[in-house]
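**Student:** My structure file model-v4.txt, compact mmCIF, C-alpha atoms, is below:
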```
# COMPACT_ATOMS: atom_id res chain seq x y z
CA MET A 20 -8.95 36.42 26.29
CA ASN A 21 -7.35 36.15 22.86
CA PRO A 22 -10.20 36.69 20.40
CA ILE A 23 -9.39 34.00 17.83
CA ALA A 24 -9.09 30.27 18.47
CA LEU A 25 -6.53 28.51 16.31
CA ASN A 26 -7.14 24.97 15.10
CA ALA A 27 -3.58 23.88 15.91
CA ARG A 28 -3.84 20.21 15.02
CA PHE A 29 -1.01 20.87 12.51
CA HIS A 30 1.53 21.02 15.36
CA SER A 31 1.67 17.22 15.33
CA HIS A 32 2.70 17.07 11.65
CA ARG A 33 6.08 17.38 9.94
CA PRO A 34 6.38 20.98 8.63
CA THR A 35 5.83 20.64 4.90
CA GLY A 36 3.68 22.98 2.74
CA MET A 37 0.39 23.39 4.60
CA GLN A 38 1.98 23.03 8.03
CA ARG A 39 4.64 25.61 7.17
CA TYR A 40 1.88 28.02 6.11
CA ALA A 41 0.13 27.65 9.46
CA LEU A 42 3.35 28.05 11.45
CA GLU A 43 4.51 31.09 9.47
CA LEU A 44 1.23 32.97 9.78
CA SER A 45 0.28 32.03 13.33
CA SER A 46 3.69 33.15 14.61
CA ARG A 47 3.16 36.61 13.11
CA PHE A 48 -0.08 37.43 14.92
CA ALA A 49 0.21 35.08 17.88
CA SER A 50 -1.05 37.71 20.34
CA TYR A 51 -4.52 37.44 18.74
CA LEU A 52 -4.61 33.64 18.85
CA HIS A 53 -5.57 31.02 21.38
CA PRO A 54 -4.08 27.77 20.02
CA VAL A 55 -6.09 24.62 20.63
CA LYS A 56 -4.11 21.46 19.93
CA PRO A 57 -4.25 17.79 20.92
CA GLY A 58 -2.43 16.69 24.04
CA LYS A 59 -0.39 14.30 21.92
CA PRO A 60 0.25 13.99 18.17
CA LEU A 61 -2.85 12.69 16.40
CA ARG A 62 -2.91 11.62 12.76
CA GLY A 63 -5.44 9.91 10.57
CA PRO A 64 -8.87 9.00 12.00
CA SER A 65 -7.93 9.91 15.59
CA GLY A 66 -7.01 13.42 14.45
CA HIS A 67 -10.34 13.83 12.64
CA VAL A 68 -12.26 12.61 15.69
CA TRP A 69 -10.44 15.14 17.90
CA GLU A 70 -11.14 17.93 15.42
CA GLN A 71 -14.83 17.15 14.92
CA LEU A 72 -15.77 16.21 18.51
CA TYR A 73 -13.33 17.78 21.00
CA LEU A 74 -12.23 20.99 19.29
CA PRO A 75 -15.73 22.60 19.19
CA SER A 76 -16.04 22.38 22.97
CA ALA A 77 -12.62 24.03 23.47
CA VAL A 78 -13.28 27.05 21.23
CA ARG A 79 -15.63 28.63 23.83
CA GLY A 80 -17.44 31.04 21.57
CA ARG A 81 -14.38 32.50 19.88
CA LEU A 82 -13.97 32.79 16.14
CA LEU A 83 -12.07 29.72 14.93
CA TRP A 84 -9.37 29.85 12.26
CA SER A 85 -8.71 26.48 10.67
CA PRO A 86 -5.59 26.97 8.50
CA ASN A 87 -5.12 23.55 6.94
CA ASN A 88 -7.91 22.43 4.57
CA THR A 89 -10.14 21.01 7.28
CA GLY A 90 -12.17 22.03 10.30
CA PRO A 91 -15.07 21.04 12.58
CA LEU A 92 -18.51 21.07 10.98
CA ALA A 93 -20.12 22.00 14.31
CA ILE A 94 -18.64 25.52 14.23
CA VAL A 95 -20.16 28.08 11.88
CA LYS A 96 -18.19 31.00 13.34
CA GLN A 97 -15.10 29.87 11.50
CA VAL A 98 -12.68 30.94 8.76
CA CYS A 99 -11.04 28.07 6.89
CA THR A 100 -7.98 28.24 4.66
CA ILE A 101 -8.30 25.85 1.74
CA HIS A 102 -5.01 25.19 -0.01
CA ASP A 103 -6.21 22.89 -2.75
CA LEU A 104 -8.95 20.47 -3.76
CA ILE A 105 -6.65 17.67 -4.87
CA PRO A 106 -8.64 14.89 -3.11
CA LEU A 107 -11.71 15.96 -5.12
CA ASP A 108 -9.94 16.64 -8.41
CA HIS A 109 -7.72 13.54 -8.25
CA PRO A 110 -9.05 11.01 -5.74
CA GLU A 111 -7.01 8.30 -7.51
CA TRP A 112 -3.83 9.76 -6.00
CA PHE A 113 -5.00 8.99 -2.45
CA ASN A 114 -6.09 5.95 -0.56
CA ARG A 115 -9.81 5.35 -0.77
CA GLN A 116 -10.71 6.28 2.82
CA PHE A 117 -8.83 9.60 2.68
CA ALA A 118 -10.40 10.63 -0.63
CA GLN A 119 -13.89 9.67 0.52
CA TRP A 120 -13.54 11.58 3.80
CA TYR A 121 -12.45 14.82 2.14
CA GLY A 122 -14.94 14.37 -0.68
CA TRP A 123 -17.66 14.30 1.98
CA LEU A 124 -16.22 16.94 4.37
CA LEU A 125 -15.00 19.78 2.15
CA PRO A 126 -18.30 20.69 0.41
CA ARG A 127 -20.13 20.76 3.75
CA LEU A 128 -17.39 22.71 5.53
CA ALA A 129 -17.13 25.28 2.74
CA ARG A 130 -20.85 26.00 2.87
CA ARG A 131 -20.95 26.33 6.69
CA VAL A 132 -17.98 28.57 7.50
CA LEU A 133 -18.17 32.38 7.40
CA ARG A 134 -15.28 32.94 5.00
CA ILE A 135 -12.77 30.89 3.03
CA ILE A 136 -9.19 31.92 2.37
CA ALA A 137 -7.69 30.49 -0.82
CA ILE A 138 -3.95 30.65 -1.42
CA SER A 139 -4.21 31.19 -5.19
CA GLU A 140 -6.68 32.30 -7.83
CA PHE A 141 -6.56 28.75 -9.19
CA THR A 142 -7.68 27.33 -5.84
CA LYS A 143 -10.46 29.92 -5.57
CA LYS A 144 -11.70 28.93 -9.02
CA ARG A 145 -11.84 25.25 -8.05
CA ILE A 146 -13.58 26.07 -4.72
CA VAL A 147 -16.31 28.01 -6.51
CA GLU A 148 -16.72 25.33 -9.18
CA LEU A 149 -16.62 22.23 -6.98
CA LEU A 150 -17.90 23.29 -3.55
CA ASP A 151 -20.95 25.34 -4.54
CA VAL A 152 -19.99 28.58 -2.79
CA SER A 153 -20.19 32.13 -4.11
CA PRO A 154 -17.00 33.89 -5.28
CA GLU A 155 -17.66 36.66 -2.74
CA LYS A 156 -17.18 34.22 0.13
CA VAL A 157 -13.63 33.37 -0.97
CA VAL A 158 -10.70 35.76 -0.55
CA VAL A 159 -7.34 35.04 -2.20
CA ILE A 160 -4.24 35.61 -0.06
CA PRO A 161 -1.06 34.18 -1.63
CA ASN A 162 1.59 32.44 0.43
CA GLY A 163 4.91 34.08 1.23
CA VAL A 164 8.53 33.06 1.36
CA ASP A 165 10.56 33.33 4.52
CA ALA A 166 13.57 35.69 4.59
CA ARG A 167 15.89 32.76 5.35
CA PHE A 168 15.39 31.66 1.74
CA SER A 169 18.12 33.77 0.18
CA PRO A 170 21.30 33.07 -1.83
CA ARG A 171 23.85 31.30 0.36
CA THR A 172 27.64 31.38 0.42
CA GLU A 173 29.89 28.70 -1.04
CA ILE A 174 30.89 27.69 2.50
CA GLU A 175 27.24 27.12 3.45
CA VAL A 176 26.62 25.16 0.26
CA ASP A 177 29.71 23.01 0.90
CA THR A 178 28.52 22.27 4.44
CA MET A 179 25.14 21.20 3.07
CA ARG A 180 26.79 18.99 0.41
CA THR A 181 28.75 17.14 3.10
CA ALA A 182 25.73 16.71 5.36
CA LEU A 183 23.51 15.35 2.56
CA GLY A 184 26.21 13.30 0.83
CA ILE A 185 25.86 15.10 -2.49
CA GLY A 186 29.56 15.46 -3.30
CA ARG A 187 31.27 18.18 -5.30
CA GLN A 188 29.63 17.67 -8.71
CA PRO A 189 27.10 20.14 -10.18
CA TYR A 190 23.49 19.16 -9.69
CA LEU A 191 19.92 19.75 -10.75
CA LEU A 192 17.42 19.65 -7.91
CA CYS A 193 13.87 18.40 -7.41
CA VAL A 194 12.27 19.11 -4.01
CA GLY A 195 9.03 17.47 -2.89
CA SER A 196 7.60 14.50 -1.03
CA LEU A 197 7.44 11.25 -2.97
CA GLU A 198 3.76 11.27 -3.85
CA PRO A 199 1.95 10.82 -7.18
CA ARG A 200 1.28 14.47 -8.04
CA LYS A 201 4.96 15.40 -7.82
CA ASN A 202 5.40 13.54 -11.12
CA LEU A 203 8.71 11.89 -10.29
CA GLY A 204 8.25 9.12 -12.85
CA ARG A 205 8.09 11.53 -15.79
CA LEU A 206 10.88 13.67 -14.35
CA LEU A 207 13.20 10.66 -14.12
CA ALA A 208 12.29 9.64 -17.67
CA ALA A 209 12.99 13.19 -18.86
CA TRP A 210 16.33 13.22 -17.03
CA ARG A 211 17.27 9.92 -18.69
CA LYS A 212 16.40 11.45 -22.06
CA ALA A 213 18.33 14.66 -21.38
CA GLN A 214 21.49 13.00 -20.09
CA ALA A 215 23.01 12.45 -23.55
CA ALA A 216 23.21 16.22 -24.06
CA ALA A 217 24.00 17.13 -20.45
CA PRO A 218 27.49 17.46 -18.89
CA ASP A 219 28.83 14.07 -17.80
CA GLU A 220 29.42 15.16 -14.22
CA LEU A 221 25.91 16.61 -13.71
CA ILE A 222 23.56 14.72 -11.37
CA LEU A 223 19.90 15.01 -10.39
CA VAL A 224 19.27 15.39 -6.66
CA VAL A 225 15.79 14.36 -5.47
CA ALA A 226 15.08 15.78 -2.02
CA GLY A 227 11.99 14.67 -0.14
CA GLY A 228 10.67 12.09 2.24
CA SER A 229 8.34 9.22 1.45
CA ALA A 230 4.66 10.12 1.35
CA ASN A 231 2.35 9.11 4.18
CA ALA A 232 1.12 5.64 3.22
CA ARG A 233 -2.15 6.26 5.12
CA VAL A 234 -2.93 9.14 2.77
CA PHE A 235 -1.31 8.58 -0.63
CA GLU A 236 -1.27 5.74 -3.08
CA SER A 237 2.19 4.31 -3.70
CA VAL A 238 4.47 5.98 -6.24
CA GLU A 239 5.71 3.86 -9.13
CA PHE A 240 8.52 5.46 -11.12
CA GLY A 241 10.14 2.48 -12.79
CA THR A 242 13.89 1.99 -13.11
CA VAL A 243 15.91 4.87 -11.72
CA PRO A 244 18.35 6.20 -14.35
CA PRO A 245 22.04 6.79 -13.60
CA ARG A 246 23.25 9.95 -11.89
CA VAL A 247 20.33 10.35 -9.49
CA HIS A 248 20.88 10.98 -5.77
CA PHE A 249 17.99 10.63 -3.29
CA THR A 250 18.55 12.58 -0.07
CA GLY A 251 15.37 11.61 1.76
CA TYR A 252 13.72 14.26 3.95
CA VAL A 253 15.87 17.40 4.16
CA PRO A 254 15.79 19.44 7.40
CA ASP A 255 14.66 23.03 6.92
CA ASP A 256 18.08 24.39 7.90
CA TYR A 257 19.66 22.90 4.78
CA LEU A 258 17.01 23.90 2.23
CA PRO A 259 18.30 27.43 1.41
CA SER A 260 21.79 26.09 0.72
CA LEU A 261 20.37 23.17 -1.27
CA TYR A 262 18.45 25.55 -3.53
CA SER A 263 21.37 27.98 -3.77
CA GLY A 264 23.81 25.34 -4.95
CA ALA A 265 21.58 23.96 -7.71
CA MET A 266 22.29 24.63 -11.37
CA ALA A 267 18.49 24.64 -11.76
CA VAL A 268 15.46 23.52 -9.76
CA LEU A 269 13.01 21.20 -11.54
CA TYR A 270 9.40 21.13 -10.33
CA PRO A 271 7.13 19.48 -12.93
CA SER A 272 4.25 18.92 -10.50
CA LEU A 273 0.91 17.78 -11.89
CA TYR A 274 -1.14 19.85 -9.44
CA GLU A 275 -0.43 22.58 -6.90
CA GLY A 276 -2.70 24.78 -4.86
CA PHE A 277 0.22 27.21 -4.69
CA GLY A 278 3.70 25.67 -4.98
CA LEU A 279 6.18 26.84 -2.34
CA PRO A 280 9.34 25.07 -3.65
CA PRO A 281 9.58 27.10 -6.89
CA LEU A 282 9.09 30.31 -4.91
CA GLU A 283 11.72 29.31 -2.34
CA ALA A 284 14.10 28.32 -5.15
CA MET A 285 13.69 31.70 -6.87
CA ALA A 286 14.31 33.49 -3.57
CA CYS A 287 17.61 31.61 -3.31
CA GLY A 288 18.65 32.63 -6.83
CA ALA A 289 18.09 29.27 -8.50
CA PRO A 290 16.76 29.08 -12.08
CA VAL A 291 13.42 27.23 -12.12
CA VAL A 292 11.79 24.82 -14.57
CA THR A 293 8.18 24.15 -13.59
CA SER A 294 4.72 23.24 -14.86
CA MET A 295 2.48 25.42 -16.97
CA ASN A 296 -0.70 24.23 -15.21
CA THR A 297 -2.77 24.78 -12.03
CA SER A 298 -1.39 27.54 -9.76
CA LEU A 299 2.27 27.44 -10.76
CA PRO A 300 2.18 30.12 -13.51
CA GLU A 301 0.63 32.48 -10.92
CA VAL A 302 3.59 31.96 -8.63
CA VAL A 303 6.51 32.13 -11.06
CA GLY A 304 5.12 34.59 -13.63
CA SER A 305 7.68 35.05 -16.41
CA ALA A 306 10.59 34.16 -14.13
CA ALA A 307 10.74 30.43 -14.95
CA VAL A 308 10.80 27.99 -17.86
CA LEU A 309 7.31 26.45 -18.13
CA VAL A 310 6.79 22.89 -19.37
CA ASP A 311 3.91 20.47 -19.92
CA PRO A 312 4.15 18.14 -16.89
CA TYR A 313 2.32 15.34 -18.73
CA SER A 314 4.97 15.29 -21.51
CA VAL A 315 8.36 13.67 -20.89
CA GLU A 316 9.57 15.38 -24.07
CA SER A 317 8.54 18.83 -22.83
CA ILE A 318 10.20 18.32 -19.42
CA SER A 319 13.39 17.10 -21.10
CA GLU A 320 13.39 20.10 -23.45
CA GLY A 321 12.96 22.44 -20.49
CA ILE A 322 15.93 20.85 -18.73
CA LEU A 323 18.15 21.19 -21.80
CA GLN A 324 16.97 24.74 -22.45
CA VAL A 325 18.16 25.92 -19.05
CA LEU A 326 21.35 23.84 -19.19
CA SER A 327 22.39 25.09 -22.61
CA SER A 328 22.31 28.82 -21.92
CA ALA A 329 24.24 30.57 -19.15
CA SER A 330 22.59 33.85 -20.16
CA LEU A 331 19.14 32.30 -19.69
CA ARG A 332 20.12 31.02 -16.26
CA ASN A 333 21.37 34.47 -15.28
CA THR A 334 18.14 36.07 -16.52
CA LEU A 335 16.04 33.54 -14.61
CA ARG A 336 18.06 34.16 -11.45
CA ALA A 337 17.55 37.92 -11.64
CA ASN A 338 13.87 37.70 -12.54
CA GLY A 339 13.26 35.01 -9.94
CA LEU A 340 14.80 37.06 -7.12
CA ALA A 341 12.62 40.03 -8.08
CA ARG A 342 9.51 37.89 -8.38
CA ALA A 343 10.04 36.15 -5.05
CA ALA A 344 10.47 39.49 -3.26
CA SER A 345 6.80 40.28 -3.95
CA PHE A 346 5.60 37.30 -1.87
CA THR A 347 6.08 37.81 1.88
CA TRP A 348 4.64 36.07 4.92
CA GLU A 349 4.29 39.49 6.55
CA SER A 350 1.87 40.60 3.82
CA ALA A 351 0.00 37.29 3.98
CA ALA A 352 -0.27 37.59 7.77
CA ARG A 353 -1.61 41.16 7.63
CA GLN A 354 -4.25 40.25 5.08
CA THR A 355 -5.23 37.08 6.95
CA LEU A 356 -5.58 38.88 10.28
CA ASP A 357 -7.74 41.53 8.59
CA VAL A 358 -10.11 38.82 7.30
CA LEU A 359 -10.26 37.18 10.73
CA LEU A 360 -10.92 40.40 12.64
CA GLN A 361 -13.74 41.30 10.23
CA GLN A 362 -15.61 38.16 11.38
CA ILE A 363 -15.47 38.83 15.11
```
Show this structure as structure tokens.
**Tutor:**
Amino acid sequence: MNPIALNARFHSHRPTGMQRYALELSSRFASYLHPVKPGKPLRGPSGHVWEQLYLPSAVRGRLLWSPNNTGPLAIVKQVCTIHDLIPLDHPEWFNRQFAQWYGWLLPRLARRVLRIIAISEFTKKRIVELLDVSPEKVVVIPNGVDARFSPRTEIEVDTMRTALGIGRQPYLLCVGSLEPRKNLGRLLAAWRKAQAAAPDELILVVAGGSANARVFESVEFGTVPPRVHFTGYVPDDYLPSLYSGAMAVLYPSLYEGFGLPPLEAMACGAPVVTSMNTSLPEVVGSAAVLVDPYSVESISEGILQVLSSASLRNTLRANGLARAASFTWESAARQTLDVLLQQI
């Protein structure tokens, strides 16, 4: 019998940040895991009911690993990965029912489970401050970046351009779902401001699907300026080429528990402009241009700073590749499995 039960509810979700984390790690020590997942995709209230009422009966005495910010309160013999506390820190970004549920669940879950894995020092700090648990209960294990995120050839980039309808012009890139914390409104305003000093042929590509309306409040970003191309959701196969072809990747997020897109961009050799708050400085170190995400002026200045200097872009590429190499899923998997086995 595999010694660790895996809360595999994430299999029914599109693989974005938290789901990608669970897939990357669980695939690397699958021989230790017994996945327990719904018979059909469950989202929203039906998913929570399955997790709280059915999942405990299917664990059968094993240690349970819940990798995605939630888990059943009935199981004490459990390790939970908490990625962020955004519903508690910013409930206004979510619909009322979602924020209330996580505001009620997370403090109780954090106090009941054996150990908590946090994906950044920032997230650990917020867990200790908001959920009333001791620092010793929380271990920090950073995310990794998959080896497929690497600089791609011109042929691969051209294939991606055709598939996503980007065309041949140079582009800046923003990757992320269209939800409030991704700060698209200020980014678009900053791009409008920067355009006068930017090359005429340069465009901004915004890659990401619409946020889940059952979870997030709607995003209002006003009038879209010229020279913006929305791709919608981008399949994983195209992401490395999309990053590789960008003149720079812009990620002025208001809040991240970790921030995979800047790390993936650096691994592909793209210069990065990102926020100076929450977990993002931990991820990028000195290998990115940091801006104030609440200031349109600061974001615009960051864009122009990276556009105006080829030597800066080259330095950011080199430093970013070196920085990204220190974050691997293999290391995250080894550390996570060690924590799990210590609880058996």
**Student:** State, in Å with one decimal place, the distance from atom CA of A:Ala284 to atom CA of A:Val268.
**Tutor:**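 Answer for the atom CA of A:Ala284 to atom CA of A:Val268 separation: 6.8 Å.
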**Student:** Find the residue from A:Cys99, A:Ala289, A:Met295, A:Ile136 that sits nearest to A:Tyr313; use only C-alpha atoms when measuring.
**Tutor:** A:Met295
**Student:** When distances are computed from only C-alpha atoms, which of A:Leu282, A:Ile174, A:Ile318, A:Ala27 shows the smallest separation from A:Ala341?
**Tutor:**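 Of the candidates, the smallest distance to A:Ala341 is held by A:Leu282.
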**Student:** Any idea what's packed within 6 Å of stretch 206-217 of chain A, counting only C-alpha atoms, ignoring anything in its chain fewer than 3 positions away? Could you give it as a PyMOL selection string?
**Tutor:** chain A and resi 203+244+315+318-319
**Student:** Kindly provide, as a list in words, the polymer residues lying within 9 Å of (7.4, 19.5, 2.1), counting all atoms listed in the file and using the coordinates exactly as they appear in the file.
**Tutor:**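 Collected hits near the coordinates: Arg33, Pro34, Thr35, Gly36, Met37, Gln38, Arg39, Val194, Gly195, Ser196, Gly227, Gly228, Tyr252, Val253, Leu279 and Pro280 of chain A.
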**Student:** Restricting the calculation to all atoms listed in the file, which member of A:Arg353, A:Arg62, A:His109, A:His102 is positioned closest to A:Ser45?
**Tutor:** A:Arg353
**Student:** Find the residues around A:Pro110 up to 12 Å (only C-alpha atoms counted), leave out those fewer than 3 positions away in its own chain, and share them as an mmCIF file with C-alpha atoms, in the frame of the given file.
**Tutor:**
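Resulting contents of part.cif:
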```
data_model
loop_
_atom_site.group_PDB
_atom_site.id
_atom_site.type_symbol
_atom_site.label_atom_id
_atom_site.label_comp_id
_atom_site.auth_asym_id
_atom_site.auth_seq_id
_atom_site.Cartn_x
_atom_site.Cartn_y
_atom_site.Cartn_z
ATOM 1 C CA LEU A 104 -8.950 20.470 -3.760
ATOM 2 C CA ILE A 105 -6.650 17.670 -4.870
ATOM 3 C CA PRO A 106 -8.640 14.890 -3.110
ATOM 4 C CA LEU A 107 -11.710 15.960 -5.120
ATOM 5 C CA PHE A 113 -5.000 8.990 -2.450
ATOM 6 C CA ASN A 114 -6.090 5.950 -0.560
ATOM 7 C CA ARG A 115 -9.810 5.350 -0.770
ATOM 8 C CA GLN A 116 -10.710 6.280 2.820
ATOM 9 C CA PHE A 117 -8.830 9.600 2.680
ATOM 10 C CA ALA A 118 -10.400 10.630 -0.630
ATOM 11 C CA GLN A 119 -13.890 9.670 0.520
ATOM 12 C CA TRP A 120 -13.540 11.580 3.800
ATOM 13 C CA TYR A 121 -12.450 14.820 2.140
ATOM 14 C CA GLY A 122 -14.940 14.370 -0.680
ATOM 15 C CA PRO A 199 1.950 10.820 -7.180
ATOM 16 C CA ARG A 200 1.280 14.470 -8.040
ATOM 17 C CA VAL A 234 -2.930 9.140 2.770
ATOM 18 C CA PHE A 235 -1.310 8.580 -0.630
ATOM 19 C CA GLU A 236 -1.270 5.740 -3.080
#
```
**Student:** With all atoms listed in the file as the basis for distance, which of A:Ala24, A:Val98, A:Ile138, A:Val358 is at the shortest distance from A:Leu299?
**Tutor:**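 Of all the options, A:Ile138 lies closest to A:Leu299.
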**Student:** For A:Phe29, which residue out of A:Lys59, A:Arg205, A:Arg131, A:Lys156 is the nearest one, using all atoms listed in the file?
**Tutor:**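 Among A:Lys59, A:Arg205, A:Arg131, A:Lys156, it is A:Lys59 that comes nearest to A:Phe29.
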**Student:** Could you check which of A:Val310, A:Val159, A:Val147, A:Leu72 is closest to A:Thr355, using only C-alpha atoms?
**Tutor:**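 Distance minimum relative to A:Thr355 lands on A:Val159.
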**Student:** So which residues fall inside 7 Å of (26.7, 9.7, -16.5) if we count only C-alpha atoms? Mind giving them as a VMD selection string?
**Tutor:** chain A and resid 219 to 220 245 to 246
**Student:** May I ask for the distance between atom CA of A:Gly163 and atom CA of A:Glu43, given in Å to one decimal place?
**Tutor:**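 Going from atom CA of A:Gly163 over to atom CA of A:Glu43 covers 8.8 Å.
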**Student:** Between atom CA of A:Lys143 and atom CA of A:Val157, what is the distance in Å, rounded to a tenth?
**Tutor:**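 Distance reported for this atom pair: 6.6 Å.
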**Student:** Using only C-alpha atoms, which residues of stretch 218-332 of chain A come within 12 Å of stretch 345-350 of chain A, and what is the closest atom pair for each, with the distance in Å to one decimal? Give it as JSON lines, sorted by chain and residue number.
**Tutor:**
```
{"residue": "A:Phe277", "atom": "CA", "partner": "A:Phe346", "partner_atom": "CA", "distance": 11.8}
{"residue": "A:Leu279", "atom": "CA", "partner": "A:Phe346", "partner_atom": "CA", "distance": 10.5}
{"residue": "A:Leu282", "atom": "CA", "partner": "A:Phe346", "partner_atom": "CA", "distance": 8.4}
{"residue": "A:Glu283", "atom": "CA", "partner": "A:Phe346", "partner_atom": "CA", "distance": 10.1}
{"residue": "A:Met285", "atom": "CA", "partner": "A:Phe346", "partner_atom": "CA", "distance": 11.0}
{"residue": "A:Ala286", "atom": "CA", "partner": "A:Phe346", "partner_atom": "CA", "distance": 9.7}
{"residue": "A:Glu301", "atom": "CA", "partner": "A:Phe346", "partner_atom": "CA", "distance": 11.4}
{"residue": "A:Val302", "atom": "CA", "partner": "A:Phe346", "partner_atom": "CA", "distance": 8.8}
{"residue": "A:Val303", "atom": "CA", "partner": "A:Phe346", "partner_atom": "CA", "distance": 10.6}
{"residue": "A:Gly304", "atom": "CA", "partner": "A:Ser345", "partner_atom": "CA", "distance": 11.4}
```
